[in-house]
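**Q** Data file final-v2.txt (compact mmCIF, C-alpha atoms) is appended below.
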# COMPACT_ATOMS: atom_id res chain seq x y z
CA MET A 1 -95.16 9.73 -75.35
CA SER A 2 -92.34 11.79 -73.88
CA ALA A 3 -88.76 10.57 -73.93
CA ALA A 4 -88.77 10.58 -70.12
CA ALA A 5 -91.85 8.35 -69.91
CA ALA A 6 -90.43 5.95 -72.47
CA GLY A 7 -87.18 5.86 -70.55
CA GLU A 8 -88.99 4.93 -67.34
CA VAL A 9 -90.82 2.05 -69.02
CA ALA A 10 -87.67 0.84 -70.77
CA ALA A 11 -85.72 0.98 -67.52
CA ALA A 12 -88.36 -1.12 -65.78
CA ARG A 13 -88.15 -3.78 -68.51
CA PRO A 14 -84.69 -3.36 -70.07
CA ASP A 15 -84.54 -6.87 -71.56
CA ALA A 16 -88.09 -7.05 -72.87
CA ASP A 17 -88.49 -7.04 -76.63
CA LEU A 18 -90.74 -4.47 -78.23
CA ARG A 19 -93.80 -5.47 -80.22
CA ILE A 20 -94.08 -3.83 -83.64
CA ALA A 21 -97.43 -3.36 -85.33
CA VAL A 22 -96.77 -3.53 -89.08
CA LEU A 23 -99.54 -1.77 -91.01
CA ASN A 24 -99.20 -1.66 -94.80
CA GLY A 25 -95.46 -1.14 -94.41
CA HIS A 26 -95.82 1.40 -91.60
CA ARG A 27 -94.38 0.41 -88.22
CA GLU A 28 -95.46 1.44 -84.71
CA ALA A 29 -93.62 0.14 -81.63
CA PHE A 30 -95.17 -0.89 -78.30
CA PHE A 31 -93.91 -2.05 -74.92
CA ASP A 32 -97.08 -4.08 -74.37
CA ALA A 33 -97.86 -6.90 -76.82
CA GLY A 34 -101.58 -6.52 -76.08
CA HIS A 35 -101.55 -2.90 -77.25
CA ALA A 36 -99.86 -3.85 -80.51
CA GLN A 37 -102.30 -6.69 -81.11
CA GLN A 38 -105.30 -4.48 -80.37
CA LEU A 39 -104.13 -1.93 -82.93
CA VAL A 40 -103.55 -4.63 -85.55
CA GLU A 41 -107.00 -6.11 -84.99
CA GLN A 42 -108.57 -2.66 -85.25
CA TRP A 43 -106.65 -1.97 -88.47
CA ASN A 44 -107.62 -5.29 -90.04
CA SER A 45 -111.26 -4.74 -89.13
CA VAL A 46 -111.29 -1.33 -90.83
CA TYR A 47 -109.58 -2.63 -93.99
CA ALA A 48 -111.24 -6.06 -94.10
CA GLY A 49 -113.30 -5.16 -97.18
CA THR A 50 -110.27 -3.91 -99.13
CA ILE A 51 -108.18 -6.93 -98.12
CA ASP A 52 -110.92 -9.38 -99.19
CA ARG A 53 -111.47 -7.50 -102.46
CA ASP A 54 -107.76 -7.59 -103.33
CA ARG A 55 -107.61 -11.33 -102.72
CA ALA A 56 -110.76 -11.93 -104.77
CA LYS A 57 -109.33 -9.91 -107.68
CA GLY A 58 -106.07 -11.87 -107.65
CA TYR A 59 -103.81 -9.43 -105.82
CA PRO A 60 -102.59 -11.54 -102.87
CA GLU A 61 -99.39 -9.52 -102.41
CA SER A 62 -101.37 -6.31 -102.02
CA ALA A 63 -103.75 -8.01 -99.57
CA ASP A 64 -100.87 -9.44 -97.56
CA ARG A 65 -99.16 -6.05 -97.34
CA LEU A 66 -102.33 -4.32 -96.19
CA THR A 67 -103.04 -6.99 -93.57
CA GLY A 68 -101.60 -5.87 -90.24
CA HIS A 69 -99.45 -8.16 -88.13
CA VAL A 70 -97.20 -8.04 -85.08
CA GLU A 71 -93.44 -8.53 -85.10
CA SER A 72 -90.78 -8.31 -82.38
CA CYS A 73 -87.50 -6.43 -82.10
CA THR A 74 -85.05 -5.61 -79.34
CA GLN A 75 -85.11 -2.26 -77.63
CA GLU A 76 -81.54 -1.64 -78.76
CA HIS A 77 -82.44 -2.22 -82.40
CA TRP A 78 -85.37 0.20 -82.21
CA ARG A 79 -83.28 2.74 -80.29
CA ARG A 80 -80.73 2.78 -83.13
CA ARG A 81 -82.96 2.32 -86.17
CA GLY A 82 -86.60 2.78 -85.25
CA PRO A 83 -88.35 5.97 -86.39
CA GLY A 84 -88.30 8.38 -83.46
CA GLY A 85 -86.24 6.06 -81.25
CA MET A 86 -87.51 5.07 -77.82
CA ALA A 87 -89.52 8.29 -77.47
CA ALA A 88 -91.82 6.94 -80.21
CA VAL A 89 -92.65 3.69 -78.40
CA TRP A 90 -96.28 3.58 -77.28
CA THR A 91 -97.41 2.80 -73.72
CA ARG A 92 -101.06 2.66 -74.80
CA VAL A 93 -103.18 2.01 -77.88
CA PRO A 94 -103.17 5.04 -80.23
CA ALA A 95 -106.42 6.96 -80.41
CA PHE A 96 -108.74 6.17 -83.32
CA ARG A 97 -111.42 8.36 -84.88
CA THR A 98 -113.82 8.44 -87.77
CA GLN A 99 -113.19 11.62 -89.71
CA HIS A 100 -115.13 13.67 -92.27
CA ALA A 101 -113.16 15.02 -95.23
CA ARG A 102 -113.35 16.97 -98.49
CA SER A 103 -110.68 17.68 -101.09
CA ALA A 104 -110.23 19.34 -104.45
CA SER A 105 -107.41 20.37 -106.77
CA PHE A 106 -107.12 23.35 -109.08
CA THR A 107 -104.75 24.43 -111.82
CA GLY A 108 -103.79 27.81 -113.20
CA PHE A 109 -102.41 31.04 -111.81
CA ALA A 110 -104.47 34.11 -112.68
CA ARG A 111 -107.58 32.08 -113.57
CA ARG A 112 -107.79 28.85 -111.62
CA ARG A 113 -109.75 25.87 -112.92
CA GLU A 114 -110.94 22.79 -111.08
CA LEU A 115 -109.07 19.57 -111.88
CA GLN A 116 -110.74 17.21 -109.42
CA ALA A 117 -113.08 17.40 -106.46
CA SER A 118 -114.39 14.80 -104.05
CA GLY A 119 -117.80 14.68 -102.52
CA PRO A 120 -118.04 14.40 -98.73
CA TYR A 121 -116.46 11.19 -97.48
CA VAL A 122 -115.63 9.50 -94.19
CA ARG A 123 -112.33 7.85 -93.36
CA SER A 124 -110.74 6.06 -90.41
CA VAL A 125 -107.63 7.65 -88.89
CA TRP A 126 -105.24 6.82 -86.09
CA GLU A 127 -103.27 9.11 -83.85
CA PHE A 128 -99.95 8.29 -85.55
CA GLN A 129 -101.18 9.44 -88.98
CA SER A 130 -100.37 13.00 -90.04
CA TRP A 131 -104.01 13.82 -90.93
CA TYR A 132 -105.34 12.74 -87.53
CA THR A 133 -107.07 15.47 -85.53
CA PRO A 134 -109.53 15.54 -82.62
CA GLN A 135 -110.54 19.06 -83.72
CA ALA A 136 -113.82 19.97 -85.35
CA VAL A 137 -111.97 20.89 -88.55
CA ARG A 138 -108.57 21.55 -90.03
CA ARG A 139 -108.06 23.24 -93.38
CA ALA A 140 -105.06 23.15 -95.70
CA ILE A 141 -104.19 24.83 -99.00
CA GLU A 142 -101.09 23.22 -100.53
CA PHE A 143 -99.17 24.34 -103.60
CA ARG A 144 -97.93 21.63 -105.94
CA PRO A 145 -95.83 21.52 -109.14
CA ARG A 146 -97.11 22.90 -112.46
CA GLY A 147 -99.43 25.41 -110.88
CA VAL A 148 -101.60 22.84 -109.08
CA ILE A 149 -103.23 23.77 -105.77
CA GLU A 150 -104.77 21.20 -103.44
CA VAL A 151 -107.49 22.17 -100.99
CA LYS A 152 -108.30 19.92 -98.04
CA ALA A 153 -110.62 20.11 -95.07
CA TYR A 154 -111.06 17.36 -92.49
CA GLY A 155 -112.18 16.88 -88.92
CA VAL A 156 -114.77 15.32 -86.63
CA ASP A 157 -117.58 17.84 -87.32
CA GLN A 158 -119.12 17.32 -90.75
CA GLN A 159 -120.75 20.75 -90.99
CA ALA A 160 -117.55 22.50 -89.91
CA VAL A 161 -115.64 20.56 -92.55
CA GLU A 162 -118.11 21.54 -95.29
CA THR A 163 -117.97 25.22 -94.29
CA ALA A 164 -114.16 25.31 -94.09
CA PHE A 165 -113.85 23.55 -97.44
CA ALA A 166 -116.22 25.97 -99.16
CA ASP A 167 -114.35 28.95 -97.69
CA ALA A 168 -110.99 27.55 -98.85
CA VAL A 169 -112.27 26.96 -102.39
CA THR A 170 -113.69 30.49 -102.53
CA HIS A 171 -110.33 31.85 -101.40
CA VAL A 172 -108.39 29.90 -104.03
CA LEU A 173 -110.71 30.92 -106.87
CA ALA A 174 -110.94 34.60 -105.92
CA SER A 175 -109.27 37.04 -108.33
CA PRO A 176 -107.94 39.38 -107.17
CA ASN A 177 -106.91 37.18 -104.27
CA THR A 178 -106.26 38.42 -100.74
CA ASP A 179 -102.81 36.79 -101.00
CA ASP A 180 -101.87 38.92 -104.03
CA HIS A 181 -98.96 41.30 -103.60
CA LEU A 182 -95.84 42.37 -105.47
CA ASP A 183 -92.45 40.90 -104.58
CA PRO A 184 -90.24 42.48 -107.26
CA ALA A 185 -87.31 40.06 -106.89
CA GLY A 186 -89.65 37.07 -107.08
CA VAL A 187 -91.38 38.39 -110.19
CA LEU A 188 -88.04 39.11 -111.88
CA LYS A 189 -86.91 35.52 -111.23
CA VAL A 190 -90.14 34.25 -112.78
CA LEU A 191 -89.58 36.43 -115.85
CA LEU A 192 -85.97 35.27 -116.26
CA GLY A 193 -87.01 31.63 -115.88
CA LEU A 194 -89.73 32.02 -118.52
CA ALA A 195 -87.29 33.82 -120.82
CA GLU A 196 -84.97 30.82 -120.55
CA GLY A 197 -87.79 28.32 -120.96
CA ASP A 198 -87.76 26.90 -117.41
CA LEU A 199 -90.03 28.48 -114.81
CA ARG A 200 -88.51 26.34 -112.05
CA ARG A 201 -84.88 27.31 -112.72
CA TYR A 202 -84.72 30.11 -110.18
CA THR A 203 -87.60 29.37 -107.86
CA THR A 204 -89.59 26.51 -106.30
CA PHE A 205 -93.21 25.44 -106.59
CA GLU A 206 -94.56 26.91 -103.37
CA ALA A 207 -97.05 29.61 -102.44
CA PRO A 208 -94.67 32.52 -103.25
CA LEU A 209 -94.24 31.28 -106.81
CA HIS A 210 -97.99 31.32 -107.43
CA THR A 211 -98.13 34.87 -106.07
CA ASP A 212 -95.16 35.97 -108.20
CA VAL A 213 -96.63 34.45 -111.39
CA ARG A 214 -99.97 36.11 -110.71
CA ALA A 215 -98.16 39.42 -110.26
CA ALA A 216 -96.25 38.94 -113.53
CA ILE A 217 -99.54 38.27 -115.33
CA ALA A 218 -101.20 41.29 -113.69
CA CYS A 219 -98.28 43.44 -114.88
CA GLY A 220 -98.91 42.29 -118.45
CA LEU A 221 -95.52 40.56 -118.67
CA ALA A 222 -96.72 36.93 -118.71
CA GLU A 223 -99.78 35.03 -119.92
CA GLU A 224 -101.23 31.54 -119.49
CA GLU A 225 -103.48 30.98 -122.49
CA ALA A 226 -102.18 27.69 -123.92
CA GLN A 227 -99.20 27.60 -121.57
CA LEU A 228 -97.43 29.96 -119.18
CA GLN A 229 -95.12 32.20 -121.19
CA LEU A 230 -93.85 35.76 -121.55
CA THR A 231 -95.94 38.27 -123.46
CA ALA A 232 -94.29 40.50 -126.07
CA GLU A 233 -94.07 43.16 -123.36
CA GLY A 234 -92.48 40.62 -121.03
CA ARG A 235 -89.79 39.72 -123.56
CA ALA A 236 -89.09 43.39 -124.17
CA PHE A 237 -88.93 43.99 -120.40
CA ALA A 238 -86.37 41.18 -119.93
CA GLU A 239 -84.21 42.55 -122.73
CA ARG A 240 -84.56 46.21 -121.68
CA HIS A 241 -83.39 45.49 -118.16
CA ALA A 242 -80.80 42.88 -119.28
CA LEU A 243 -82.04 40.23 -116.84
CA ALA A 244 -79.98 37.49 -118.51
CA ALA A 245 -76.75 39.43 -117.91
CA LEU A 246 -77.26 39.69 -114.15
CA PRO A 247 -75.63 37.32 -111.60
CA ASP A 248 -77.34 33.96 -111.12
CA PRO A 249 -80.14 34.65 -108.57
CA ARG A 250 -79.58 31.22 -107.03
CA ARG A 251 -76.21 32.45 -105.76
CA ASP A 252 -76.56 36.23 -105.48
CA ALA A 253 -79.53 38.01 -103.88
CA TRP A 254 -81.29 40.08 -106.52
CA GLU A 255 -83.03 42.04 -103.76
CA GLU A 256 -79.76 43.95 -103.24
CA LEU A 257 -78.69 44.62 -106.85
CA PRO A 258 -78.62 48.34 -107.74
CA GLU A 259 -78.83 47.37 -111.44
CA LEU A 260 -82.46 46.39 -110.88
CA THR A 261 -83.65 49.74 -109.53
CA GLU A 262 -85.31 50.75 -112.79
CA ALA A 263 -86.84 47.29 -113.30
CA VAL A 264 -88.28 47.30 -109.77
CA THR A 265 -89.70 50.79 -110.29
CA GLU A 266 -91.36 49.73 -113.55
CA LEU A 267 -92.85 46.65 -111.89
CA GLY A 268 -94.27 48.80 -109.10
CA ASP A 269 -95.88 51.15 -111.61
CA ARG A 270 -97.32 48.29 -113.66
CA HIS A 271 -98.69 46.49 -110.60
CA ALA A 272 -100.26 49.66 -109.21
CA ALA A 273 -101.89 50.38 -112.58
CA ALA A 274 -103.24 46.83 -112.82
CA ALA A 275 -104.85 47.19 -109.38
CA GLN A 276 -106.92 50.10 -110.72
CA LEU A 277 -108.37 48.14 -113.63
CA PRO A 278 -111.93 46.75 -113.32
CA ARG A 279 -112.08 43.02 -112.65
Taking this structure as input, can you express it in the form of structure tokens?

**A**
Amino acid sequence: MSAAAAGEVAAARPDADLRIAVLNGHREAFFDAGHAQQLVEQWNSVYAGTIDRDRAKGYPESADRLTGHVESCTQEHWRRRGPGGMAAVWTRVPAFRTQHARSASFTGFARRRELQASGPYVRSVWEFQSWYTPQAVRRAIEFRPRGVIEVKAYGVDQQAVETAFADAVTHVLASPNTDDHLDPAGVLKVLLGLAEGDLRRYTTFEAPLHTDVRAAIACGLAEEEAQLQLTAEGRAFAERHALAALPDPRRDAWEELPELTEAVTELGDRHAAAAQLPR
């Protein structure tokens, strides 16, 4: 709801308390108590089996937390402390959908291997949840620590979800990958981090890191047999171009250092040569 719409409702009932639907620790605010109660009843119906199972197995605290209930709070309290303030207060019941989903995770850089994969499954989602969508399908490829990649596809059309998931997995496993390219500064930071025994020292675990590590491996300067490490050529490269003697790349942009001209040229030559090799 827009801030203007929330303001109009609040102005019409300035002294009325809000009703808060508490759902497994998550809180959604409503002007209308009936809307909050309807959401809670819907939530408890969806999770009834899990709640009963937790109680039967002797986990009453878990069951109590998962069981939705309605609380009250003043508008002023929510305005100051509620997530999203008054603009986040609902004037209707949030939309609810049954959603198809697939997921898988992979590890590795140059050669990716499957860690875990789910079969097709169905889940219940509400409009306030980040994975809610009314679309046929949404696809996501997310990069996690230690070289892990998560692939997700979800939406209201089962066939579209299956197709998008298969396409995403094919993309992740492809080598060479259409995302592959050479960012010299990024590769040099990877090499320095590996030389110092900490890949994360000068970079973060996001998509660019995966690309930079793949480029370092393609250039013959890193390998990931038992673990990700420099090759003999990589160690010689780091010493030849005195990477350890350069300014800390977390404070000074390596992209602008003239001292790296020769290193960047060598990386370009190595990467171009690797692209010509049969896969």

**Q** What separation in Å, quoted to one decimal, exists between CA of Arg146 in chain A and CA of Arg102 in chain A?

**A**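 Those two atoms sit 22.2 Å apart.
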
**Q** Residues at most 9 Å from Asp183 in chain A, counting all atoms listed in the file, excluding those fewer than 6 positions away in the same chain, as JSON, numbers by chain?

**A** {"A": [208, 211, 212, 215]}

**Q** Using all atoms listed in the file, which protein or nucleic acid residues come within 10 Å of Ala136 in chain A? Drop anything in the same chain fewer than 5 positions from it, and give the result as a ChimeraX atom specification.

**A** /A:99-100,154-161

**Q** For the residues in the current selection, export C-alpha atoms as a tab-separated table (two decimals), keeping the file's coordinate frame.

**A**
chain	number	residue	atom	x	y	z
A	99	GLN	CA	-113.19	11.62	-89.71
A	100	HIS	CA	-115.13	13.67	-92.27
A	154	TYR	CA	-111.06	17.36	-92.49
A	155	GLY	CA	-112.18	16.88	-88.92
A	156	VAL	CA	-114.77	15.32	-86.63
A	157	ASP	CA	-117.58	17.84	-87.32
A	158	GLN	CA	-119.12	17.32	-90.75
A	159	GLN	CA	-120.75	20.75	-90.99
A	160	ALA	CA	-117.55	22.50	-89.91
A	161	VAL	CA	-115.64	20.56	-92.55

**Q** Between CA of Ser72 in chain A and CA of Tyr47 in chain A, what is the distance in Å, rounded to a tenth?

**A**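 Atom-to-atom, CA of Ser72 in chain A to CA of Tyr47 in chain A, that is 22.8 Å.
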
**Q** Grab the CA of Thr107 in chain A to CA of Asp180 in chain A distance for me, in Å with one decimal place.

**A** 16.7 Å

**Q** Select, counting only C-alpha atoms, all protein, DNA and RNA residues no farther than 10 Å from (-103.8, 4.7, -89.4) in file coordinates, and express the selection as a JSON list (two decimals) with C-alpha atoms, keeping the file's coordinate frame.

**A**
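File selection_27.json, as written:
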[["chain", "number", "residue", "atom", "x", "y", "z"],
["A", 23, "LEU", "CA", -99.54, -1.77, -91.01],
["A", 24, "ASN", "CA", -99.20, -1.66, -94.80],
["A", 26, "HIS", "CA", -95.82, 1.40, -91.60],
["A", 39, "LEU", "CA", -104.13, -1.93, -82.93],
["A", 42, "GLN", "CA", -108.57, -2.66, -85.25],
["A", 43, "TRP", "CA", -106.65, -1.97, -88.47],
["A", 46, "VAL", "CA", -111.29, -1.33, -90.83],
["A", 94, "PRO", "CA", -103.17, 5.04, -80.23],
["A", 95, "ALA", "CA", -106.42, 6.96, -80.41],
["A", 96, "PHE", "CA", -108.74, 6.17, -83.32],
["A", 97, "ARG", "CA", -111.42, 8.36, -84.88],
["A", 123, "ARG", "CA", -112.33, 7.85, -93.36],
["A", 124, "SER", "CA", -110.74, 6.06, -90.41],
["A", 125, "VAL", "CA", -107.63, 7.65, -88.89],
["A", 126, "TRP", "CA", -105.24, 6.82, -86.09],
["A", 127, "GLU", "CA", -103.27, 9.11, -83.85],
["A", 128, "PHE", "CA", -99.95, 8.29, -85.55],
["A", 129, "GLN", "CA", -101.18, 9.44, -88.98],
["A", 130, "SER", "CA", -100.37, 13.00, -90.04],
["A", 131, "TRP", "CA", -104.01, 13.82, -90.93],
["A", 132, "TYR", "CA", -105.34, 12.74, -87.53]]

**Q** Write out as a PyMOL selection string which residues come within 12 Å of Ser45 in chain A when counting only C-alpha atoms, dropping same-chain ones fewer than 4 positions away.

**A** chain A and resi 38-41+49-52+66-68+124

**Q** Go ahead and write the selection's residues with C-alpha atoms as an mmCIF file, keeping the file's coordinate frame.

**A**
data_model
loop_
_atom_site.group_PDB
_atom_site.id
_atom_site.type_symbol
_atom_site.label_atom_id
_atom_site.label_comp_id
_atom_site.auth_asym_id
_atom_site.auth_seq_id
_atom_site.Cartn_x
_atom_site.Cartn_y
_atom_site.Cartn_z
ATOM 1 C CA GLN A 38 -105.300 -4.480 -80.370
ATOM 2 C CA LEU A 39 -104.130 -1.930 -82.930
ATOM 3 C CA VAL A 40 -103.550 -4.630 -85.550
ATOM 4 C CA GLU A 41 -107.000 -6.110 -84.990
ATOM 5 C CA GLY A 49 -113.300 -5.160 -97.180
ATOM 6 C CA THR A 50 -110.270 -3.910 -99.130
ATOM 7 C CA ILE A 51 -108.180 -6.930 -98.120
ATOM 8 C CA ASP A 52 -110.920 -9.380 -99.190
ATOM 9 C CA LEU A 66 -102.330 -4.320 -96.190
ATOM 10 C CA THR A 67 -103.040 -6.990 -93.570
ATOM 11 C CA GLY A 68 -101.600 -5.870 -90.240
ATOM 12 C CA SER A 124 -110.740 6.060 -90.410
#

**Q** Can you tell me which residues surround Val213 in chain A at a distance of at most 8 Å, considering all atoms listed in the file, apart from same-chain residues fewer than 5 positions away, and format the answer as a PyMOL selection string?

**A** chain A and resi 109-110+187+190+222
